[in-house]
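Colleague: So here's start-v4.cif (mmCIF, C-alpha atoms and all ligand atoms).
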data_run
#
loop_
_atom_site.label_atom_id
_atom_site.label_comp_id
_atom_site.auth_asym_id
_atom_site.auth_seq_id
_atom_site.Cartn_x
_atom_site.Cartn_y
_atom_site.Cartn_z
CA MET A 1 65.86 81.93 42.12
CA LYS A 2 62.45 81.78 40.36
CA ALA A 3 61.26 78.34 39.29
CA LYS A 4 61.53 77.84 35.55
CA GLN A 5 58.21 78.08 33.73
CA ASN A 6 57.15 76.64 30.39
CA ALA A 7 60.21 74.46 30.27
CA LYS A 8 60.80 70.81 29.61
CA THR A 9 63.27 70.51 32.48
CA ASP A 10 64.14 72.38 35.67
CA ALA A 11 67.67 73.11 34.53
CA LEU A 12 68.48 76.78 34.23
CA THR A 13 68.94 78.34 30.80
CA TRP A 14 71.51 81.12 30.51
CA ILE A 15 71.95 83.55 27.67
CA VAL A 16 75.55 84.72 27.70
CA THR A 17 76.13 87.62 25.32
CA GLY A 18 79.61 88.32 23.97
CA GLY A 19 80.60 84.72 24.72
CA ALA A 20 82.96 84.51 21.75
CA GLY A 21 85.16 87.22 23.29
CA PHE A 22 87.78 86.99 26.01
CA ILE A 23 85.90 86.99 29.33
CA GLY A 24 82.59 85.67 27.97
CA ALA A 25 84.28 82.59 26.53
CA ASN A 26 86.13 81.93 29.78
CA PHE A 27 82.80 82.29 31.59
CA ILE A 28 81.18 79.74 29.26
CA PHE A 29 84.02 77.26 29.92
CA TYR A 30 83.63 77.84 33.65
CA MET A 31 79.88 77.24 33.43
CA MET A 32 80.12 74.12 31.28
CA GLU A 33 82.64 72.62 33.66
CA ASN A 34 80.92 73.51 36.93
CA TYR A 35 77.26 73.18 35.94
CA PRO A 36 77.07 70.50 33.26
CA ASP A 37 73.29 70.22 33.68
CA GLU A 38 72.54 73.86 32.85
CA ARG A 39 71.99 75.16 29.34
CA VAL A 40 74.17 77.92 27.94
CA VAL A 41 73.20 79.93 24.87
CA CYS A 42 75.94 82.20 23.57
CA LEU A 43 74.68 85.25 21.69
CA ASP A 44 77.46 86.98 19.76
CA LYS A 45 77.81 89.22 16.70
CA LEU A 46 81.38 88.01 16.06
CA THR A 47 82.97 91.42 15.71
CA TYR A 48 86.73 91.60 15.22
CA ALA A 49 87.00 90.61 18.93
CA GLY A 50 84.75 87.56 18.71
CA ASN A 51 86.20 84.31 17.55
CA LEU A 52 84.28 81.10 16.94
CA SER A 53 87.44 79.04 17.14
CA THR A 54 87.65 80.07 20.81
CA LEU A 55 84.43 78.13 21.47
CA LYS A 56 85.52 75.00 19.57
CA SER A 57 85.68 72.84 22.71
CA VAL A 58 82.02 73.46 23.65
CA MET A 59 80.40 73.87 20.24
CA GLU A 60 79.15 70.26 19.98
CA LYS A 61 77.93 69.91 23.56
CA PRO A 62 74.19 69.17 23.75
CA ASN A 63 73.60 71.84 26.41
CA PHE A 64 75.30 74.58 24.36
CA ARG A 65 73.97 76.71 21.51
CA PHE A 66 75.65 79.47 19.56
CA ALA A 67 73.38 82.23 18.22
CA TYR A 68 74.97 84.58 15.71
CA LEU A 69 73.25 87.82 16.59
CA ASP A 70 73.75 91.52 17.29
CA ILE A 71 72.48 92.67 20.71
CA CYS A 72 71.17 95.79 18.93
CA ASP A 73 68.91 93.66 16.71
CA ARG A 74 65.59 93.96 18.59
CA GLU A 75 63.65 91.45 16.52
CA GLY A 76 66.46 88.91 16.55
CA VAL A 77 66.89 89.23 20.31
CA ARG A 78 63.12 88.85 20.87
CA ARG A 79 63.07 85.73 18.69
CA LEU A 80 65.93 84.18 20.63
CA PHE A 81 64.27 84.96 23.97
CA ALA A 82 60.99 83.50 22.71
CA GLU A 83 62.76 80.29 21.68
CA GLU A 84 64.97 79.89 24.73
CA ARG A 85 62.94 81.45 27.54
CA PRO A 86 66.16 82.17 29.50
CA ASP A 87 66.24 82.26 33.28
CA ILE A 88 69.43 84.29 33.45
CA VAL A 89 71.04 86.73 31.04
CA VAL A 90 74.65 87.79 31.52
CA ASN A 91 75.72 90.66 29.29
CA PHE A 92 79.40 90.59 28.33
CA ALA A 93 78.81 91.86 24.78
CA ALA A 94 80.53 95.18 24.32
CA GLU A 95 83.05 97.15 22.40
CA SER A 96 85.81 96.93 24.97
CA HIS A 97 89.01 98.64 23.84
CA VAL A 98 89.68 102.19 25.07
CA ASP A 99 92.03 103.05 22.16
CA ARG A 100 89.37 102.08 19.60
CA SER A 101 86.76 104.13 21.49
CA ILE A 102 88.95 107.20 21.05
CA GLU A 103 88.90 106.61 17.25
CA THR A 104 85.23 105.59 16.81
CA PRO A 105 83.05 106.48 19.81
CA ASP A 106 79.71 105.91 18.00
CA VAL A 107 80.19 102.16 17.70
CA PHE A 108 80.65 102.07 21.48
CA LEU A 109 77.50 104.01 22.18
CA ASN A 110 75.49 101.74 19.91
CA THR A 111 76.57 98.41 21.27
CA ASN A 112 77.27 99.28 24.87
CA ILE A 113 74.23 101.45 25.56
CA LEU A 114 71.59 100.72 22.91
CA GLY A 115 72.49 97.03 22.83
CA THR A 116 72.06 96.81 26.59
CA SER A 117 68.67 98.51 26.31
CA THR A 118 67.55 95.94 23.74
CA LEU A 119 68.49 93.12 26.10
CA ILE A 120 66.78 94.55 29.16
CA ASP A 121 63.63 95.24 27.14
CA ALA A 122 63.57 91.59 26.12
CA CYS A 123 64.16 90.62 29.77
CA ARG A 124 61.15 92.70 30.79
CA GLU A 125 58.96 91.25 28.07
CA PHE A 126 59.79 87.60 28.65
CA GLY A 127 60.56 87.68 32.39
CA ILE A 128 63.85 86.47 33.80
CA SER A 129 65.24 85.64 37.24
CA ARG A 130 68.29 87.77 36.76
CA PHE A 131 69.89 90.17 34.29
CA HIS A 132 73.56 90.60 35.10
CA GLN A 133 75.49 93.48 33.57
CA VAL A 134 79.25 92.95 33.29
CA SER A 135 80.63 96.41 33.87
CA THR A 136 84.07 97.76 34.63
CA ASP A 137 85.98 99.72 37.28
CA GLU A 138 86.66 102.29 34.53
CA VAL A 139 83.24 103.82 35.20
CA TYR A 140 84.74 105.35 38.37
CA GLY A 141 87.36 107.28 36.38
CA ASP A 142 90.85 107.21 37.87
CA LEU A 143 92.71 107.76 41.13
CA PRO A 144 95.84 109.86 41.64
CA LEU A 145 99.19 108.06 41.86
CA ASP A 146 100.16 109.87 45.07
CA ARG A 147 97.13 108.62 47.07
CA PRO A 148 97.67 104.86 47.49
CA ASP A 149 95.15 105.00 50.36
CA LEU A 150 92.25 105.60 47.92
CA PHE A 151 90.22 102.79 46.32
CA PHE A 152 87.05 102.53 44.24
CA THR A 153 84.10 101.42 46.36
CA GLU A 154 80.57 100.82 45.10
CA GLU A 155 79.72 104.32 46.39
CA THR A 156 82.45 106.08 44.40
CA PRO A 157 80.71 108.49 41.97
CA LEU A 158 80.76 107.60 38.29
CA HIS A 159 83.30 109.91 36.64
CA THR A 160 84.35 108.60 33.25
CA SER A 161 87.34 109.48 31.08
CA SER A 162 87.00 107.69 27.72
CA PRO A 163 84.12 107.10 25.32
CA TYR A 164 84.43 103.42 26.33
CA SER A 165 83.99 104.07 30.05
CA ALA A 166 81.27 106.65 29.41
CA SER A 167 79.32 104.13 27.36
CA LYS A 168 79.69 101.47 30.07
CA ALA A 169 78.56 103.95 32.74
CA GLY A 170 75.55 104.86 30.56
CA ALA A 171 74.59 101.20 30.39
CA ASP A 172 74.96 100.80 34.16
CA LEU A 173 72.64 103.74 34.79
CA LEU A 174 70.07 102.33 32.40
CA VAL A 175 70.20 98.90 34.03
CA MET A 176 69.67 100.45 37.47
CA ALA A 177 66.81 102.59 36.11
CA TYR A 178 65.08 99.42 34.85
CA HIS A 179 65.42 97.94 38.31
CA ARG A 180 63.89 100.96 40.02
CA THR A 181 61.21 101.71 37.43
CA TYR A 182 60.13 98.25 36.32
CA GLY A 183 61.46 96.09 39.14
CA LEU A 184 63.75 94.18 36.77
CA PRO A 185 65.92 91.84 38.88
CA VAL A 186 69.38 93.08 38.00
CA THR A 187 72.91 92.96 39.38
CA ILE A 188 76.06 94.71 38.16
CA SER A 189 79.70 93.72 38.60
CA ARG A 190 82.52 96.22 38.16
CA CYS A 191 85.76 94.38 37.73
CA SER A 192 89.34 95.53 37.35
CA ASN A 193 91.59 94.62 34.37
CA ASN A 194 91.45 90.93 33.47
CA TYR A 195 94.17 88.79 31.91
CA GLY A 196 94.43 85.13 30.90
CA PRO A 197 93.76 82.76 27.97
CA PHE A 198 91.99 84.00 24.81
CA HIS A 199 92.70 87.67 25.54
CA PHE A 200 92.56 89.60 22.27
CA PRO A 201 96.11 90.71 21.25
CA GLU A 202 95.24 94.43 21.14
CA LYS A 203 95.29 94.60 24.98
CA LEU A 204 98.43 95.27 27.02
CA ILE A 205 99.44 91.80 28.26
CA PRO A 206 98.82 89.69 25.13
CA LEU A 207 100.16 92.45 22.87
CA MET A 208 103.42 92.57 24.80
CA ILE A 209 103.74 88.76 24.92
CA ILE A 210 103.20 88.43 21.17
CA ASN A 211 105.45 91.37 20.22
CA ALA A 212 108.19 90.06 22.52
CA LEU A 213 107.95 86.61 20.93
CA HIS A 214 108.57 88.30 17.56
CA ASP A 215 111.38 90.50 18.99
CA LYS A 216 109.26 93.53 18.01
CA PRO A 217 109.25 96.86 19.91
CA LEU A 218 107.09 96.86 23.06
CA PRO A 219 105.10 100.13 22.83
CA VAL A 220 104.61 101.50 26.34
CA TYR A 221 102.39 104.60 26.43
CA GLY A 222 104.17 107.57 28.01
CA GLU A 223 106.36 106.77 31.01
CA GLY A 224 104.52 103.52 31.73
CA VAL A 225 103.79 104.58 35.31
CA ASN A 226 99.99 104.20 34.96
CA VAL A 227 98.67 101.60 37.37
CA ARG A 228 96.12 98.89 36.66
CA ASP A 229 94.64 96.40 39.13
CA TRP A 230 94.91 92.93 37.53
CA LEU A 231 92.71 89.89 38.06
CA TYR A 232 93.03 86.44 36.50
CA VAL A 233 89.99 85.93 34.26
CA GLU A 234 88.76 82.75 35.97
CA ASP A 235 88.49 84.62 39.27
CA HIS A 236 86.25 87.18 37.54
CA CYS A 237 84.07 84.38 36.13
CA ARG A 238 83.65 82.83 39.58
CA ALA A 239 82.73 86.24 41.00
CA ILE A 240 79.95 86.65 38.42
CA ASP A 241 78.67 83.16 39.20
CA PHE A 242 78.57 84.03 42.94
CA ILE A 243 76.80 87.34 42.28
CA VAL A 244 74.15 85.83 40.02
CA ARG A 245 73.40 82.93 42.37
CA HIS A 246 73.80 84.62 45.75
CA GLY A 247 74.07 88.39 45.23
CA ARG A 248 71.35 90.83 46.21
CA VAL A 249 69.12 92.13 43.44
CA GLY A 250 69.62 95.81 42.61
CA GLU A 251 73.19 95.79 43.90
CA VAL A 252 76.57 96.61 42.41
CA TYR A 253 79.58 94.46 43.36
CA ASN A 254 83.17 95.56 42.78
CA VAL A 255 85.51 92.72 41.81
CA GLY A 256 89.27 92.86 42.24
CA GLY A 257 92.15 91.23 44.07
CA HIS A 258 94.36 94.13 45.26
CA ASN A 259 96.83 93.47 42.52
CA GLU A 260 98.10 96.85 41.41
CA ARG A 261 100.97 97.02 38.95
CA ARG A 262 102.58 99.77 36.88
CA ASN A 263 102.45 99.07 33.15
CA ILE A 264 106.22 99.28 32.81
CA ASP A 265 106.69 96.65 35.52
CA ILE A 266 104.30 94.28 33.77
CA VAL A 267 106.18 94.66 30.50
CA ARG A 268 109.49 94.06 32.28
CA SER A 269 108.07 90.90 33.90
CA ILE A 270 106.99 89.63 30.48
CA CYS A 271 110.50 90.27 29.07
CA ARG A 272 112.00 88.40 32.02
CA GLU A 273 109.65 85.42 31.69
CA LEU A 274 110.33 85.12 27.96
CA GLY A 275 114.10 85.75 28.27
CA LYS A 276 113.83 88.85 26.04
CA PRO A 277 115.96 92.00 26.46
CA GLU A 278 114.35 95.06 28.05
CA ASN A 279 115.72 97.22 25.26
CA LEU A 280 112.71 96.06 23.22
CA ILE A 281 110.67 98.45 25.40
CA THR A 282 109.84 101.62 23.47
CA HIS A 283 108.09 104.56 25.07
CA VAL A 284 105.55 106.01 22.63
CA THR A 285 103.03 108.88 22.57
CA ASP A 286 100.62 108.60 25.48
CA ARG A 287 96.94 107.65 25.14
CA LYS A 288 94.61 110.69 25.11
CA GLY A 289 92.93 111.18 28.50
CA HIS A 290 94.94 108.24 29.90
CA ASP A 291 93.61 107.14 33.33
CA MET A 292 96.39 107.10 35.93
CA ARG A 293 95.40 104.47 38.44
CA TYR A 294 92.62 101.95 38.96
CA ALA A 295 92.27 100.23 42.34
CA ILE A 296 89.28 98.22 43.50
CA ASP A 297 88.06 97.81 47.06
CA PRO A 298 86.52 94.30 46.87
CA SER A 299 85.41 94.13 50.51
CA LYS A 300 81.67 94.01 49.71
CA ILE A 301 81.83 90.87 47.56
CA GLN A 302 84.20 89.27 50.05
CA ARG A 303 82.02 90.06 53.03
CA GLU A 304 78.62 89.29 51.49
CA LEU A 305 79.43 86.43 49.17
CA GLY A 306 82.70 85.01 50.50
CA TRP A 307 84.40 85.49 47.14
CA LEU A 308 88.20 85.63 47.09
CA PRO A 309 90.56 85.40 44.12
CA LYS A 310 92.42 82.11 43.78
CA THR A 311 95.25 83.00 41.39
CA ASN A 312 98.00 85.41 42.38
CA PHE A 313 99.52 87.65 39.73
CA GLU A 314 102.90 85.92 39.44
CA ASP A 315 101.30 82.49 38.85
CA GLY A 316 98.60 83.95 36.63
CA LEU A 317 101.09 85.73 34.40
CA LYS A 318 103.21 82.59 34.06
CA LYS A 319 100.10 80.53 33.20
CA THR A 320 99.02 83.15 30.67
CA ILE A 321 102.42 83.29 28.97
CA ARG A 322 102.51 79.50 28.80
CA TRP A 323 99.02 79.53 27.25
CA TYR A 324 100.15 81.92 24.49
CA LEU A 325 103.22 79.77 23.83
CA GLU A 326 101.02 76.67 23.53
CA HIS A 327 98.25 78.28 21.45
CA GLU A 328 100.16 79.99 18.69
CA ARG A 329 97.60 78.90 16.14
CA TRP A 330 94.80 80.81 17.91
CA TRP A 331 96.60 84.16 17.99
CA LYS A 332 98.47 83.76 14.71
CA GLU A 333 95.16 83.53 12.89
CA ILE A 334 94.05 86.76 14.56
CA ILE A 335 97.18 88.77 13.90
CA SER A 336 97.33 87.68 10.28
CA GLY A 337 94.04 89.37 9.39
CA GLU A 338 92.44 92.75 10.07
CA TYR A 339 94.62 93.12 13.17
CA ARG A 340 97.54 94.09 10.94
CA ASN A 341 95.70 97.16 9.63
CA TYR A 342 94.63 98.02 13.16
CA TYR A 343 98.19 97.74 14.46
CA GLU A 344 99.58 99.84 11.62
CA LYS A 345 96.95 102.54 12.15
CA MET A 346 97.16 102.61 15.95
CA TYR A 347 100.92 102.34 16.38
CA GLY A 348 102.31 103.58 13.05
CA SER A 349 101.43 107.16 13.95
CA ARG A 350 102.61 106.99 17.59
CA LYS A 351 105.85 108.87 18.02
CA VAL A 352 108.71 107.08 19.78
CA ILE A 353 109.62 109.25 22.77
CA SER A 354 112.47 107.16 24.17
P1 LIG A 401 86.04 91.40 24.09
O1 LIG A 401 86.21 92.63 23.27
O2 LIG A 401 87.15 90.40 24.14
O3 LIG A 401 84.73 90.61 23.62
C1 LIG A 401 83.54 91.25 23.34
C2 LIG A 401 82.60 90.24 22.69
O4 LIG A 401 81.35 90.90 22.45
C3 LIG A 401 83.08 89.70 21.34
O5 LIG A 401 82.84 88.32 21.25
C4 LIG A 401 82.22 90.46 20.34
O6 LIG A 401 82.02 89.75 19.12
C5 LIG A 401 80.93 90.62 21.12
N1 LIG A 401 80.13 91.76 20.65
C6 LIG A 401 80.56 93.04 20.43
N2 LIG A 401 79.54 93.79 19.97
C7 LIG A 401 78.45 92.98 19.92
C8 LIG A 401 77.09 93.17 19.55
N3 LIG A 401 76.65 94.36 19.12
N4 LIG A 401 76.24 92.12 19.65
C9 LIG A 401 76.67 90.91 20.08
N5 LIG A 401 77.95 90.67 20.42
C10 LIG A 401 78.82 91.68 20.35
O7 LIG A 401 85.68 91.92 25.54
P2 LIG A 401 86.08 91.32 26.98
O8 LIG A 401 87.41 91.82 27.36
O9 LIG A 401 85.78 89.86 26.97
O10 LIG A 401 85.03 92.08 27.89
C11 LIG A 401 83.74 91.52 28.12
C12 LIG A 401 82.95 92.45 29.03
O11 LIG A 401 83.63 92.66 30.25
C13 LIG A 401 82.76 93.85 28.43
O12 LIG A 401 81.46 94.27 28.72
C14 LIG A 401 83.77 94.72 29.16
O13 LIG A 401 83.32 96.05 29.25
C15 LIG A 401 83.82 94.04 30.51
N6 LIG A 401 85.10 94.16 31.25
C16 LIG A 401 86.29 93.83 30.64
C17 LIG A 401 87.46 93.89 31.38
C18 LIG A 401 88.78 93.50 30.75
O14 LIG A 401 89.84 93.66 31.40
N7 LIG A 401 88.82 92.96 29.55
C19 LIG A 401 87.43 94.29 32.72
C20 LIG A 401 86.20 94.62 33.31
C21 LIG A 401 85.04 94.53 32.56
P1 LIG A 402 94.54 98.03 28.06
O1 LIG A 402 94.98 96.61 28.05
O2 LIG A 402 94.13 98.67 26.78
O3 LIG A 402 93.39 98.15 29.16
P2 LIG A 402 92.67 99.47 29.80
O4 LIG A 402 93.02 100.65 28.99
O5 LIG A 402 91.23 99.11 29.68
O6 LIG A 402 93.16 99.54 31.20
O7 LIG A 402 95.73 98.92 28.67
C1 LIG A 402 96.25 98.67 29.97
C2 LIG A 402 97.27 99.74 30.25
O8 LIG A 402 98.40 99.57 29.36
C3 LIG A 402 96.79 101.16 30.00
O9 LIG A 402 97.33 102.02 30.98
C4 LIG A 402 97.34 101.51 28.62
C5 LIG A 402 98.64 100.73 28.57
N1 LIG A 402 99.05 100.27 27.22
C6 LIG A 402 100.34 100.56 26.76
O10 LIG A 402 101.15 101.19 27.44
N2 LIG A 402 100.69 100.11 25.51
C7 LIG A 402 99.84 99.40 24.72
O11 LIG A 402 100.21 99.06 23.56
C8 LIG A 402 98.53 99.11 25.22
C9 LIG A 402 97.54 98.35 24.38
C10 LIG A 402 98.18 99.57 26.48
#
Using structure tokens, write down the structure that the file contains.
Modeller:
Amino acid sequence: MKAKQNAKTDALTWIVTGGAGFIGANFIFYMMENYPDERVVCLDKLTYAGNLSTLKSVMEKPNFRFAYLDICDREGVRRLFAEERPDIVVNFAAESHVDRSIETPDVFLNTNILGTSTLIDACREFGISRFHQVSTDEVYGDLPLDRPDLFFTEETPLHTSSPYSASKAGADLLVMAYHRTYGLPVTISRCSNNYGPFHFPEKLIPLMIINALHDKPLPVYGEGVNVRDWLYVEDHCRAIDFIVRHGRVGEVYNVGGHNERRNIDIVRSICRELGKPENLITHVTDRKGHDMRYAIDPSKIQRELGWLPKTNFEDGLKKTIRWYLEHERWWKEIISGEYRNYYEKMYGSRKVIS
């Protein structure tokens, strides 16, 4: 890693974008706990998915700063880089929900592609040791259900299905182009579906936990046979840390723990854990263009960096459910606001099919 220049200390300064969201916040907690001497600057626009209360426990720490900023705001981003002279930039900031991308694709293109370009331009101008792009396995499209032998590798062609995944793939291509053209020291991680604390309630696992707690219908899209590959969020954070510190520049690393589950089985497990009846499960109109199966081959990150997940799905799901039971205040605040309109709009028009 390049020695820090123009700085008062040798400690690394990180800019973590999207740190008020689910994975970014968990990454900040991981960093503050494991590297208390390094400085973390969280840059976040606080969209509906960003929540300052999530960062309450780190807000007053002397090595933490929150910058309220849009990654598309070129001047603002330049100012922040000029002030902080970051060594490392990790870009979590994104519009992240597939269902919303089907309703309003333009917001996704703006933040996910143009926002990323703003950040990498600032990285070029000010010089950094590493720009890390947090991408997703969704850029590979999907796999058929009847070919369990197939997995996404880093060589799998990009083949996107939703405006969300297309915008993430666009950003990945741009990041790689900046590496090749300008020599920008970049890495990319493509992780499978995450779950854990502070997950926004619009996503499958928290939505089902919260609906079940209220004895509300559990809206499973279609038959519920679509498969996702789940990873506990802290394992993803550790993978990013390994990639940034030890990964090879210009490389993509897939991140996953071979944890494939059908949606319907996840929802049943949640019912079982909470002692709720399965007749809450309601099959509703399927998502447009719904990807069938995601499955990551994580052998590259295991082989090169020695990364392995630490939390298995059964323990992780129990921990996550317990977290939601113990942090009612956090999610109740969220579901009492704009989320209600979102839920009404997104689910009110979905036909019950069984
Ligand atoms: P999230 O929606 O919970 O959080 C996104 C954060 O980005 C929020 O704090 C939001 O305020 C911020 N943000 C959005 N637009 C912004 C902008 N223009 N400027 C500054 N900040 C902005 O998302 P997440 O689930 O934490 O995902 C984080 C990253 O990880 C995303 O890039 C996503 O594509 C990727 N990813 C997510 C998963 C998953 O399962 N959630 C899996 C693989 C990869
Ligand atoms: P989601 O959490 O939105 O993540 P992604 O689409 O990025 O994988 O959805 C996970 C799976 O759960 C996906 O196959 C869609 C399905 N799903 C439902 O069946 N019902 C729901 O209410 C939601 C939000 C998702």
Colleague: Choose the residue, out of A:Val227, A:Ile15, A:Val98, A:Val284, that has the smallest atom-to-atom separation from Ser165 of chain A; count all atoms listed in the file.
Modeller: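 Result for the nearest residue to Ser165 of chain A: A:Val98.
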Colleague: Which residues form the shell of 6 Å around ligand LIG 402 (chain A) when you count all atoms listed in the file, given as a list in words?
Modeller: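 So the residues close to ligand LIG 402 (chain A) are His97, Val98, Glu202, Lys203, Leu204, Pro219, Val220, Tyr221, Gly224, Asn226 and Asn263 of chain A.
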Colleague: Under the rule that all atoms listed in the file are counted, which of A:Asp70, A:Glu33, A:Asp10, A:Glu60 is the nearest residue to ligand LIG 401 (chain A)?
Modeller: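 Between A:Asp70, A:Glu33, A:Asp10, A:Glu60, the residue approaching ligand LIG 401 (chain A) most closely is A:Asp70.
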Colleague: So, counting only C-alpha atoms, which residue among A:Ala25, A:Cys237, A:Ile353, A:Ile335 is closest to Thr285 of chain A?
Modeller: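 Closest residue, counting only C-alpha atoms: A:Ile353.
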Colleague: Find the residue from A:Phe126, A:Trp307, A:Tyr178, A:Tyr195 that sits nearest to Arg85 of chain A; use all atoms listed in the file when measuring.
Modeller: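 The shortest atom-to-atom distance to Arg85 of chain A comes from A:Phe126.
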Colleague: Rank nothing, just name the residue among A:Arg228, A:Arg293, A:Arg261, A:Arg130 nearest to Arg248 of chain A, using all atoms listed in the file.
Modeller: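 For Arg248 of chain A, the nearest of the given residues is A:Arg130.
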Colleague: Report as a VMD selection string which protein, DNA and RNA residues come within 7 Å of ligand LIG 401 (chain A), using all atoms listed in the file.
Modeller: chain A and resid 17 to 24 43 to 51 69 to 72 91 to 97 111 115 134 to 137 168 190 to 195 199 to 200
Colleague: Here is a test: counting all atoms listed in the file, which residue of A:Ser53, A:Asn110, A:Thr311, A:Ser336 is nearest to Gly256 of chain A?
Modeller: A:Thr311
Colleague: Atom CA of Arg262 of chain A to atom CA of Leu145 of chain A: how many Å, to one decimal?
Modeller: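 Separation of atom CA of Arg262 of chain A and atom CA of Leu145 of chain A: 10.2 Å.
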Colleague: Just the residues within 12 Å of Val90 of chain A, please, counting all atoms listed in the file, with nothing from its chain fewer than 5 positions along; format it as an MDAnalysis selection string.
Modeller: chainID A and resid 13:19 23:24 27:28 31 40:43 116 119:120 123 128:135 186:189 237 240:241 243:245
Colleague: Using Å and a single decimal, report how far atom CA of Lys318 of chain A sits from atom CA of Pro148 of chain A.
Modeller: 26.6 Å
Colleague: Report as a PyMOL selection string all protein, DNA and RNA residues lying within 9 Å of Leu158 of chain A, evaluated on only C-alpha atoms, omitting residues in the same chain fewer than 6 positions from it.
Modeller: chain A and resi 138-141+166+169
Colleague: Please compute the atom CA of Glu223 of chain A-atom CA of Asp291 of chain A distance, one decimal, in Å.
Modeller: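 These two atoms are separated by 13.0 Å.
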Colleague: Considering all atoms listed in the file, return as number ranges by chain whatever protein or nucleic-acid residues lie within 10 Å of His327 of chain A, sequence-local ones (same chain, fewer than 6 positions apart) excluded.
Modeller: A: 197-198, 321
